[in-house]
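Below is the file target.cif, which contains mmCIF, C-alpha atoms.
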data_query
loop_
_atom_site.group_PDB
_atom_site.id
_atom_site.type_symbol
_atom_site.label_atom_id
_atom_site.label_comp_id
_atom_site.auth_asym_id
_atom_site.auth_seq_id
_atom_site.Cartn_x
_atom_site.Cartn_y
_atom_site.Cartn_z
ATOM 1 C CA MET A 179 73.611 -193.536 55.493
ATOM 2 C CA ALA A 180 75.781 -194.031 58.564
ATOM 3 C CA ASP A 181 75.222 -191.867 61.651
ATOM 4 C CA GLY A 182 78.779 -190.552 61.430
ATOM 5 C CA THR A 183 78.263 -189.365 57.871
ATOM 6 C CA ILE A 184 75.009 -187.575 58.727
ATOM 7 C CA LYS A 185 76.676 -185.929 61.709
ATOM 8 C CA SER A 186 79.625 -184.895 59.577
ATOM 9 C CA LEU A 187 77.353 -183.396 56.907
ATOM 10 C CA ALA A 188 75.268 -181.615 59.546
ATOM 11 C CA SER A 189 78.318 -180.157 61.242
ATOM 12 C CA ARG A 190 79.762 -179.049 57.904
ATOM 13 C CA ALA A 191 76.500 -177.322 56.988
ATOM 14 C CA ALA A 192 76.320 -175.735 60.439
ATOM 15 C CA VAL A 193 79.891 -174.410 60.132
ATOM 16 C CA TRP A 194 79.037 -172.810 56.799
ATOM 17 C CA LEU A 195 75.823 -171.303 58.161
ATOM 18 C CA LEU A 196 77.351 -170.036 61.377
ATOM 19 C CA GLY A 197 80.459 -168.781 59.588
ATOM 20 C CA GLY A 198 78.264 -167.051 57.017
ATOM 21 C CA VAL A 199 76.240 -165.347 59.730
ATOM 22 C CA TYR A 200 79.404 -164.099 61.440
ATOM 23 C CA ILE A 201 81.039 -162.923 58.199
ATOM 24 C CA THR A 202 77.869 -161.049 57.214
ATOM 25 C CA ALA A 203 77.463 -159.503 60.656
ATOM 26 C CA GLY A 204 81.117 -158.429 60.736
ATOM 27 C CA ALA A 205 81.237 -157.083 57.175
ATOM 28 C CA LEU A 206 78.092 -154.981 57.597
ATOM 29 C CA LYS A 207 79.540 -153.379 60.709
ATOM 30 C CA ILE A 208 83.038 -152.879 59.280
ATOM 31 C CA ALA A 209 81.464 -150.706 56.591
ATOM 32 C CA ASP A 210 80.151 -148.204 59.165
ATOM 33 C CA PRO A 211 81.991 -148.270 62.516
ATOM 34 C CA LEU A 212 80.355 -145.042 63.686
ATOM 35 C CA ALA A 213 76.872 -146.538 63.364
ATOM 36 C CA PHE A 214 78.030 -149.595 65.295
ATOM 37 C CA ALA A 215 79.578 -147.385 67.991
ATOM 38 C CA ARG A 216 76.199 -145.646 68.379
ATOM 39 C CA ALA A 217 74.500 -149.021 68.711
ATOM 40 C CA ILE A 218 76.974 -150.099 71.422
ATOM 41 C CA MET A 219 76.381 -146.823 73.286
ATOM 42 C CA ASP A 220 72.661 -147.515 73.338
ATOM 43 C CA TYR A 221 73.241 -150.692 75.352
ATOM 44 C CA ASP A 222 74.798 -148.518 78.062
ATOM 45 C CA LEU A 223 77.166 -151.281 79.188
ATOM 46 C CA LEU A 224 80.693 -150.295 78.152
ATOM 47 C CA PRO A 225 82.552 -147.234 79.452
ATOM 48 C CA GLU A 226 82.261 -144.508 76.793
ATOM 49 C CA THR A 227 86.023 -144.406 76.242
ATOM 50 C CA LEU A 228 86.064 -148.080 75.166
ATOM 51 C CA VAL A 229 83.148 -147.858 72.737
ATOM 52 C CA PRO A 230 85.020 -146.635 69.611
ATOM 53 C CA ALA A 231 87.729 -149.299 69.985
ATOM 54 C CA ALA A 232 85.103 -152.014 70.453
ATOM 55 C CA ALA A 233 83.232 -150.746 67.387
ATOM 56 C CA VAL A 234 86.401 -150.946 65.294
ATOM 57 C CA LEU A 235 87.761 -154.274 66.553
ATOM 58 C CA LEU A 236 84.723 -156.464 67.213
ATOM 59 C CA PRO A 237 83.436 -156.668 63.609
ATOM 60 C CA TRP A 238 86.872 -157.774 62.405
ATOM 61 C CA VAL A 239 86.996 -160.517 65.006
ATOM 62 C CA GLU A 240 83.514 -161.658 63.949
ATOM 63 C CA ALA A 241 84.390 -161.700 60.252
ATOM 64 C CA ALA A 242 87.769 -163.376 60.821
ATOM 65 C CA ALA A 243 86.293 -166.053 63.094
ATOM 66 C CA GLY A 244 83.552 -166.780 60.562
ATOM 67 C CA ALA A 245 85.963 -166.967 57.632
ATOM 68 C CA LEU A 246 88.491 -169.157 59.475
ATOM 69 C CA ALA A 247 85.780 -171.536 60.681
ATOM 70 C CA ILE A 248 84.618 -172.042 57.102
ATOM 71 C CA ALA A 249 88.156 -172.308 55.776
ATOM 72 C CA GLY A 250 88.947 -174.941 58.412
ATOM 73 C CA ARG A 251 92.030 -173.058 59.589
ATOM 74 C CA TRP A 252 92.266 -172.540 63.372
ATOM 75 C CA ARG A 253 88.645 -173.732 63.390
ATOM 76 C CA ALA A 254 88.550 -174.610 67.081
ATOM 77 C CA GLY A 255 89.912 -171.198 68.021
ATOM 78 C CA ALA A 256 87.423 -169.519 65.702
ATOM 79 C CA LEU A 257 84.537 -171.502 67.216
ATOM 80 C CA THR A 258 85.742 -170.654 70.720
ATOM 81 C CA LEU A 259 85.611 -166.972 69.831
ATOM 82 C CA MET A 260 82.193 -167.340 68.230
ATOM 83 C CA ALA A 261 80.843 -169.090 71.315
ATOM 84 C CA GLY A 262 82.330 -166.361 73.516
ATOM 85 C CA MET A 263 80.947 -163.550 71.371
ATOM 86 C CA SER A 264 77.507 -165.173 71.162
ATOM 87 C CA ALA A 265 77.442 -165.502 74.960
ATOM 88 C CA ILE A 266 78.468 -161.861 75.387
ATOM 89 C CA PHE A 267 75.881 -160.634 72.857
ATOM 90 C CA LEU A 268 73.176 -162.690 74.548
ATOM 91 C CA ALA A 269 74.102 -161.377 77.999
ATOM 92 C CA ALA A 270 74.170 -157.798 76.685
ATOM 93 C CA SER A 271 70.736 -158.207 75.107
ATOM 94 C CA VAL A 272 69.170 -159.797 78.183
ATOM 95 C CA THR A 273 70.541 -157.138 80.531
ATOM 96 C CA ALA A 274 69.443 -154.331 78.173
ATOM 97 C CA LEU A 275 65.910 -155.707 78.033
ATOM 98 C CA ALA A 276 65.914 -156.225 81.807
ATOM 99 C CA ARG A 277 66.808 -152.530 82.226
ATOM 100 C CA GLY A 278 63.874 -151.513 80.057
ATOM 101 C CA LEU A 279 66.025 -150.511 77.076
ATOM 102 C CA SER A 280 65.017 -151.331 73.526
ATOM 103 C CA PRO A 281 67.945 -150.206 71.369
ATOM 104 C CA GLU A 282 68.600 -151.096 67.756
ATOM 105 C CA CYS A 283 70.257 -154.485 68.155
ATOM 106 C CA GLY A 284 73.219 -153.442 65.988
ATOM 107 C CA CYS A 285 73.838 -157.096 65.127
ATOM 108 C CA PHE A 286 73.736 -156.724 61.337
ATOM 109 C CA GLY A 287 74.630 -153.079 60.785
ATOM 110 C CA PRO A 288 71.988 -151.267 58.725
ATOM 111 C CA LEU A 289 69.856 -154.432 58.516
ATOM 112 C CA SER A 290 69.382 -154.564 62.290
ATOM 113 C CA GLY A 291 65.981 -154.232 63.865
ATOM 114 C CA ARG A 292 65.097 -153.344 67.419
ATOM 115 C CA LEU A 293 66.305 -155.648 70.126
ATOM 116 C CA GLY A 294 63.611 -158.204 70.903
ATOM 117 C CA ALA A 295 62.580 -161.848 70.948
ATOM 118 C CA MET A 296 63.922 -162.455 67.436
ATOM 119 C CA THR A 297 67.373 -161.151 68.429
ATOM 120 C CA LEU A 298 67.442 -163.386 71.486
ATOM 121 C CA MET A 299 66.456 -166.369 69.352
ATOM 122 C CA VAL A 300 69.276 -165.724 66.867
ATOM 123 C CA GLU A 301 71.778 -165.286 69.704
ATOM 124 C CA VAL A 302 70.704 -168.459 71.508
ATOM 125 C CA THR A 303 70.889 -170.366 68.210
ATOM 126 C CA THR A 304 74.380 -169.104 67.331
ATOM 127 C CA LEU A 305 75.560 -169.838 70.869
ATOM 128 C CA ALA A 306 74.163 -173.380 70.801
ATOM 129 C CA ALA A 307 75.544 -174.019 67.308
ATOM 130 C CA SER A 308 79.026 -172.753 68.129
ATOM 131 C CA VAL A 309 79.205 -174.760 71.363
ATOM 132 C CA TRP A 310 78.016 -177.905 69.577
ATOM 133 C CA LEU A 311 80.482 -177.409 66.721
ATOM 134 C CA LEU A 312 83.287 -176.747 69.169
ATOM 135 C CA ARG A 313 82.529 -180.060 70.890
ATOM 136 C CA VAL A 314 82.496 -181.863 67.557
ATOM 137 C CA GLU A 315 85.767 -180.208 66.567
ATOM 138 C CA THR A 316 87.609 -180.888 69.821
ATOM 139 C CA ARG A 317 86.348 -184.488 70.051
ATOM 140 C CA GLY A 318 87.713 -185.024 66.577
ATOM 141 C CA ARG A 319 91.077 -183.755 67.731
ATOM 142 C CA ALA A 320 91.034 -185.723 70.963
ATOM 143 C CA GLY A 321 90.167 -188.859 69.071
ATOM 144 C CA MET B 221 94.867 -184.268 76.951
ATOM 145 C CA LYS B 222 92.097 -181.833 77.922
ATOM 146 C CA THR B 223 94.654 -179.280 79.085
ATOM 147 C CA GLY B 224 96.438 -179.609 75.767
ATOM 148 C CA ILE B 225 93.248 -178.956 73.811
ATOM 149 C CA ALA B 226 92.327 -176.012 76.019
ATOM 150 C CA ARG B 227 95.788 -174.536 75.543
ATOM 151 C CA ARG B 228 95.528 -174.958 71.797
ATOM 152 C CA LEU B 229 92.060 -173.383 71.709
ATOM 153 C CA GLY B 230 93.355 -170.439 73.707
ATOM 154 C CA ALA B 231 96.398 -170.025 71.477
ATOM 155 C CA GLU B 232 94.335 -170.136 68.290
ATOM 156 C CA ALA B 233 91.725 -167.735 69.670
ATOM 157 C CA ALA B 234 94.451 -165.330 70.806
ATOM 158 C CA ALA B 235 96.137 -165.486 67.402
ATOM 159 C CA ILE B 236 92.821 -164.700 65.657
ATOM 160 C CA LEU B 237 92.173 -161.824 68.059
ATOM 161 C CA LEU B 238 95.614 -160.360 67.399
ATOM 162 C CA CYS B 239 95.450 -160.708 63.606
ATOM 163 C CA ALA B 240 91.862 -159.450 63.328
ATOM 164 C CA GLY B 241 92.607 -156.599 65.737
ATOM 165 C CA ALA B 242 95.662 -155.518 63.725
ATOM 166 C CA LEU B 243 93.664 -155.656 60.487
ATOM 167 C CA GLY B 244 90.837 -153.680 62.068
ATOM 168 C CA LEU B 245 93.148 -150.957 63.365
ATOM 169 C CA ALA B 246 94.958 -150.663 60.023
ATOM 170 C CA PHE B 247 91.709 -150.528 58.065
ATOM 171 C CA ASN B 248 90.250 -147.954 60.451
ATOM 172 C CA ALA B 249 93.340 -145.753 60.126
ATOM 173 C CA LEU B 250 93.137 -145.803 56.323
ATOM 174 C CA SER B 251 89.356 -145.690 55.902
ATOM 175 C CA PRO B 252 87.622 -142.339 55.296
ATOM 176 C CA ARG B 253 84.853 -143.684 57.559
ATOM 177 C CA GLY B 254 87.272 -144.566 60.344
ATOM 178 C CA VAL B 255 86.566 -143.358 63.889
ATOM 179 C CA ALA B 256 88.928 -141.962 66.536
ATOM 180 C CA ILE B 257 89.474 -144.773 69.011
ATOM 181 C CA THR B 258 91.367 -142.854 71.691
ATOM 182 C CA ARG B 259 88.468 -140.709 72.854
ATOM 183 C CA PRO B 260 84.738 -141.187 73.461
ATOM 184 C CA LEU B 261 82.421 -140.228 70.607
ATOM 185 C CA ALA B 262 81.523 -136.555 70.458
ATOM 186 C CA LEU B 263 77.845 -135.796 71.038
ATOM 187 C CA SER B 264 77.480 -134.641 67.425
ATOM 188 C CA GLU B 265 78.809 -138.027 66.282
ATOM 189 C CA LEU B 266 76.297 -139.858 68.465
ATOM 190 C CA ASP B 267 73.317 -137.913 67.158
ATOM 191 C CA ALA B 268 73.403 -134.591 65.311
ATOM 192 C CA ARG B 269 70.395 -133.491 67.367
ATOM 193 C CA TYR B 270 72.205 -133.694 70.710
ATOM 194 C CA LEU B 271 73.061 -130.507 72.598
ATOM 195 C CA THR B 272 75.603 -130.277 75.407
ATOM 196 C CA ALA B 273 74.512 -128.694 78.690
ATOM 197 C CA ASP B 274 76.159 -125.389 77.746
ATOM 198 C CA GLU B 275 74.495 -125.368 74.322
ATOM 199 C CA ALA B 276 71.107 -126.050 75.909
ATOM 200 C CA ARG B 277 71.698 -123.255 78.417
ATOM 201 C CA ALA B 278 72.662 -120.853 75.610
ATOM 202 C CA ARG B 279 69.412 -121.619 73.774
ATOM 203 C CA PHE B 280 67.485 -121.131 76.999
ATOM 204 C CA GLY B 281 69.157 -117.760 77.504
ATOM 205 C CA ALA B 282 68.533 -116.648 73.937
ATOM 206 C CA GLY B 283 64.795 -117.294 74.286
ATOM 207 C CA GLN B 284 62.596 -118.289 71.331
ATOM 208 C CA THR B 285 63.227 -121.944 72.150
ATOM 209 C CA ILE B 286 60.618 -124.158 73.742
ATOM 210 C CA PHE B 287 61.889 -126.688 76.270
ATOM 211 C CA LEU B 288 59.836 -129.854 76.159
ATOM 212 C CA ASP B 289 60.031 -132.125 79.201
ATOM 213 C CA VAL B 290 58.996 -135.664 78.200
ATOM 214 C CA ARG B 291 59.099 -137.215 81.666
ATOM 215 C CA ARG B 292 56.013 -138.295 83.561
ATOM 216 C CA ALA B 293 53.810 -135.573 85.048
ATOM 217 C CA ARG B 294 54.790 -136.529 88.613
ATOM 218 C CA LEU B 295 58.494 -135.940 87.915
ATOM 219 C CA PHE B 296 57.738 -132.736 86.014
ATOM 220 C CA ALA B 297 55.727 -131.431 88.960
ATOM 221 C CA ALA B 298 58.631 -132.104 91.321
ATOM 222 C CA GLY B 299 60.893 -129.802 89.290
ATOM 223 C CA HIS B 300 61.673 -128.841 85.701
ATOM 224 C CA VAL B 301 63.475 -126.361 83.476
ATOM 225 C CA ALA B 302 61.839 -122.975 83.950
ATOM 226 C CA GLY B 303 59.111 -122.441 81.392
ATOM 227 C CA ALA B 304 59.235 -125.980 80.024
ATOM 228 C CA LEU B 305 56.124 -127.736 78.732
ATOM 229 C CA ASN B 306 55.352 -131.289 79.833
ATOM 230 C CA LEU B 307 54.390 -133.797 77.164
ATOM 231 C CA PRO B 308 55.159 -137.253 78.611
ATOM 232 C CA ALA B 309 56.607 -139.552 75.939
ATOM 233 C CA GLU B 310 54.165 -142.361 76.650
ATOM 234 C CA GLU B 311 51.207 -139.971 76.172
ATOM 235 C CA PHE B 312 52.564 -138.414 72.983
ATOM 236 C CA THR B 313 49.989 -139.819 70.564
ATOM 237 C CA LYS B 314 47.038 -139.036 72.785
ATOM 238 C CA ARG B 315 48.079 -135.560 73.865
ATOM 239 C CA PHE B 316 50.008 -134.123 70.930
ATOM 240 C CA PRO B 317 46.897 -132.442 69.415
ATOM 241 C CA GLU B 318 46.466 -130.395 72.587
ATOM 242 C CA PHE B 319 50.162 -129.328 72.433
ATOM 243 C CA ALA B 320 50.341 -128.660 68.687
ATOM 244 C CA PRO B 321 49.146 -125.018 68.949
ATOM 245 C CA MET B 322 51.922 -124.333 71.507
ATOM 246 C CA LEU B 323 54.580 -125.926 69.320
ATOM 247 C CA PRO B 324 54.822 -124.012 66.052
ATOM 248 C CA ARG B 325 56.882 -125.918 63.499
ATOM 249 C CA GLU B 326 59.253 -123.015 62.878
ATOM 250 C CA THR B 327 60.158 -122.653 66.562
ATOM 251 C CA GLY B 328 63.225 -124.327 67.994
ATOM 252 C CA ILE B 329 62.375 -127.134 70.415
ATOM 253 C CA VAL B 330 64.733 -128.653 72.971
ATOM 254 C CA ILE B 331 63.600 -131.975 74.382
ATOM 255 C CA TYR B 332 64.911 -133.424 77.602
ATOM 256 C CA CYS B 333 64.176 -136.169 80.087
ATOM 257 C CA ASP B 334 65.757 -137.330 83.320
ATOM 258 C CA SER B 335 69.375 -138.060 82.634
ATOM 259 C CA LYS B 336 71.838 -138.472 79.837
ATOM 260 C CA ARG B 337 71.089 -140.544 76.763
ATOM 261 C CA CYS B 338 67.476 -140.965 77.807
ATOM 262 C CA GLU B 339 65.708 -142.868 75.067
ATOM 263 C CA LEU B 340 62.373 -141.090 75.652
ATOM 264 C CA SER B 341 63.824 -137.851 74.280
ATOM 265 C CA ARG B 342 64.912 -139.560 71.090
ATOM 266 C CA GLN B 343 61.535 -141.227 70.673
ATOM 267 C CA VAL B 344 59.727 -137.891 70.944
ATOM 268 C CA ALA B 345 62.283 -136.168 68.683
ATOM 269 C CA ASP B 346 61.710 -138.889 66.077
ATOM 270 C CA ARG B 347 57.930 -138.436 66.299
ATOM 271 C CA LEU B 348 58.196 -134.667 65.936
ATOM 272 C CA GLY B 349 60.542 -135.152 62.984
ATOM 273 C CA GLN B 350 57.934 -137.364 61.333
ATOM 274 C CA LEU B 351 55.375 -134.610 61.905
ATOM 275 C CA GLY B 352 57.492 -132.115 60.004
ATOM 276 C CA TYR B 353 59.396 -130.388 62.820
ATOM 277 C CA ARG B 354 62.876 -129.494 61.577
ATOM 278 C CA SER B 355 64.383 -127.594 64.531
ATOM 279 C CA VAL B 356 64.236 -130.281 67.183
ATOM 280 C CA LYS B 357 67.231 -130.759 69.460
ATOM 281 C CA ILE B 358 67.824 -133.027 72.428
ATOM 282 C CA PHE B 359 69.460 -131.872 75.647
ATOM 283 C CA TYR B 360 71.712 -134.905 76.080
ATOM 284 C CA HIS B 361 72.447 -134.620 79.793
ATOM 285 C CA GLY B 362 68.855 -133.920 80.782
ATOM 286 C CA TRP B 363 67.184 -132.626 83.895
ATOM 287 C CA GLU B 364 69.690 -134.001 86.441
ATOM 288 C CA GLU B 365 72.515 -131.987 84.894
ATOM 289 C CA TRP B 366 70.407 -128.842 84.561
ATOM 290 C CA LYS B 367 69.488 -129.026 88.247
ATOM 291 C CA LYS B 368 73.070 -129.806 89.281
ATOM 292 C CA ARG B 369 74.309 -126.684 87.552
ATOM 293 C CA GLY B 370 71.845 -124.508 89.395
ATOM 294 C CA TRP B 371 70.211 -123.152 86.247
ATOM 295 C CA PRO B 372 66.661 -121.727 86.277
ATOM 296 C CA THR B 373 64.060 -124.221 87.421
ATOM 297 C CA GLU B 374 60.539 -124.162 88.726
ATOM 298 C CA GLN B 375 58.147 -126.562 90.404
#
Kindly return the structure encoded in the file as structure tokens.
Amino acid sequence: MADGTIKSLASRAAVWLLGGVYITAGALKIADPLAFARAIMDYDLLPETLVPAAAVLLPWVEAAAGALAIAGRWRAGALTLMAGMSAIFLAASVTALARGLSPECGCFGPLSGRLGAMTLMVEVTTLAASVWLLRVETRGRAG
Amino acid sequence: MKTGIARRLGAEAAAILLCAGALGLAFNALSPRGVAITRPLALSELDARYLTADEARARFGAGQTIFLDVRRARLFAAGHVAGALNLPAEEFTKRFPEFAPMLPRETGIVIYCDSKRCELSRQVADRLGQLGYRSVKIFYHGWEEWKKRGWPTEQ
């Protein structure tokens, strides 16, 4: 099998996986914005007045980015947002841990565990995958 | 070429943000589980066990409530709510048996630590809940606020 075909299959599978993760994460949080707002508060990063709006809007951006990436519509934009969100989530987690906090990660709504090594691993993986896919996507366009 | 791609990425990302944001706001407005986005969450929305400073003071004034300071002994010794007991959160497992006789299950307990949203208070409240305590509250703003307001303290 040619290298290009393997790469194309791998990137397609990665888009589906990453998109699926983002859709799941968004949908679980959309169902209970109050619980997500509490999780954001526990990170102690955002001003309290911005927390409810973030809890309402962020899950929709996650779900929309995931769905659009899979659908192949505005994929580069969706991947850009996913890379940005993954970077923000990773930074939030690292700073929370550095401040001695161990909140519920809030990443997957009621399925979330406490913030820890596993969370960081998932965040690093989604960040790396979205950056790689974005490169693949934009190279395709440039070419 | 690169500028063109960057511009397109930005435009697509902005369009997704706008559409998803509009959907989110509309859904939140119509959903029975929607939250008010123009004000911070009320303490009762954050955790039903939270008490404001005034509520904590009212319970203190009414008596029959035990204030439980879960900070380290050194901080407790430097100053605490008058009459409070000191059960440091990190020593909970080891020292709870010695405190159990002073903490009847039917008595109201108000837990506090240093400042607002201190996680130690929630940890201890969770542990007491698991042990069957049903009247456990958390003074959200903690010791710093109590001291600032000039309410009864001791060293």
Would you mind reading off the distance between atom CA of Arg259 of chain B and atom CA of Ala215 of chain A, one decimal, in Å?
12.1 Å
Give as number ranges by chain every residue of chain B that touches chain A within 9 Å, counting all atoms listed in the file.
B: 221-222, 225, 228-245, 247-248, 253-261, 265-267, 337, 339
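Omitting Phe319 of chain B and its sequence neighbours fewer than 5 positions away, and counting all atoms listed in the file, the residues within 12 Å are Ile286, Leu288, Leu305, Asn306, Leu307, Pro308, Glu311, Phe312, Thr313, Lys314, Pro324, Arg325 and Leu348 of chain B.
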May I have the residues within 6 Å of segment 285-300 of chain A as JSON, numbers by chain, using only C-alpha atoms and disregarding those fewer than 2 positions away in the same chain?
{"A": [203, 206, 207, 280, 281, 282, 283, 302, 303]}
Can you spit out the residues from that selection as a CSV table (one decimal), in the coordinates of the input, using C-alpha atoms?
chain,number,residue,atom,x,y,z
A,203,ALA,CA,77.5,-159.5,60.7
A,206,LEU,CA,78.1,-155.0,57.6
A,207,LYS,CA,79.5,-153.4,60.7
A,280,SER,CA,65.0,-151.3,73.5
A,281,PRO,CA,67.9,-150.2,71.4
A,282,GLU,CA,68.6,-151.1,67.8
A,283,CYS,CA,70.3,-154.5,68.2
A,302,VAL,CA,70.7,-168.5,71.5
A,303,THR,CA,70.9,-170.4,68.2
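Reported to one decimal place, the separation of atom CA of Ala245 of chain A from atom CA of Thr202 of chain A is 10.0 Å.
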For each of B:Glu364, B:Arg347, B:Tyr353, B:Val330, take the minimum atom-to-atom distance to Tyr270 of chain B, counting all atoms listed in the file, then give the residue where this is smallest.
B:Val330
Selected by the PyMOL selection byres ((chain B and resi 365) around 12) in the shown coordinates: which residues, as a PyMOL selection string?
chain B and resi 272-274+276-277+300-301+332-337+359-364+366-373
Residues matched by the PyMOL selection byres ((chain A and resi 266) around 12) as a count of residues only:
21
Which centre and edge lengths in Å to one decimal define the box along x, y and z that fits every listed atom of segment 336-345 of chain B plus 6 Å per side, as AutoDock Vina command-line options?
--center_x 65.8 --center_y -139.5 --center_z 74.3 --size_x 24.1 --size_y 18.7 --size_z 23.2
May I have the protein, DNA and RNA residues with an atom at most 12 Å from (58.9, -134.4, 63.5), counting all atoms listed in the file in the file's coordinates, returned as a PDB file with C-alpha atoms, in the coordinates of the input?
ATOM      1  CA  PHE B 316      50.008-134.123  70.930  1.00  0.00           C
ATOM      2  CA  ALA B 320      50.341-128.660  68.687  1.00  0.00           C
ATOM      3  CA  LEU B 323      54.580-125.926  69.320  1.00  0.00           C
ATOM      4  CA  PRO B 324      54.822-124.012  66.052  1.00  0.00           C
ATOM      5  CA  ARG B 325      56.882-125.918  63.499  1.00  0.00           C
ATOM      6  CA  GLU B 326      59.253-123.015  62.878  1.00  0.00           C
ATOM      7  CA  GLY B 328      63.225-124.327  67.994  1.00  0.00           C
ATOM      8  CA  ILE B 329      62.375-127.134  70.415  1.00  0.00           C
ATOM      9  CA  ARG B 342      64.912-139.560  71.090  1.00  0.00           C
ATOM     10  CA  GLN B 343      61.535-141.227  70.673  1.00  0.00           C
ATOM     11  CA  VAL B 344      59.727-137.891  70.944  1.00  0.00           C
ATOM     12  CA  ALA B 345      62.283-136.168  68.683  1.00  0.00           C
ATOM     13  CA  ASP B 346      61.710-138.889  66.077  1.00  0.00           C
ATOM     14  CA  ARG B 347      57.930-138.436  66.299  1.00  0.00           C
ATOM     15  CA  LEU B 348      58.196-134.667  65.936  1.00  0.00           C
ATOM     16  CA  GLY B 349      60.542-135.152  62.984  1.00  0.00           C
ATOM     17  CA  GLN B 350      57.934-137.364  61.333  1.00  0.00           C
ATOM     18  CA  LEU B 351      55.375-134.610  61.905  1.00  0.00           C
ATOM     19  CA  GLY B 352      57.492-132.115  60.004  1.00  0.00           C
ATOM     20  CA  TYR B 353      59.396-130.388  62.820  1.00  0.00           C
ATOM     21  CA  ARG B 354      62.876-129.494  61.577  1.00  0.00           C
ATOM     22  CA  SER B 355      64.383-127.594  64.531  1.00  0.00           C
ATOM     23  CA  VAL B 356      64.236-130.281  67.183  1.00  0.00           C
ATOM     24  CA  LYS B 357      67.231-130.759  69.460  1.00  0.00           C
TER      25      LYS B 357
END
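With atom CA of Ala293 of chain B on one side and atom CA of Leu340 of chain B on the other, the separation reads 13.9 Å.
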From the list B:Gly224, B:Gly299, B:Pro252, B:Gly283, the nearest residue to Thr327 of chain B using only C-alpha atoms is B:Gly283
Restricting the calculation to all atoms listed in the file, which member of A:Trp310, A:Val193, A:Gly182, A:Leu187 is positioned closest to Ile248 of chain A?
A:Val193
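Taking all atoms listed in the file into account, Leu263 of chain B lies nearest to B:Glu275 out of the set B:Arg294, B:Glu275, B:Ala309, B:Ala302.
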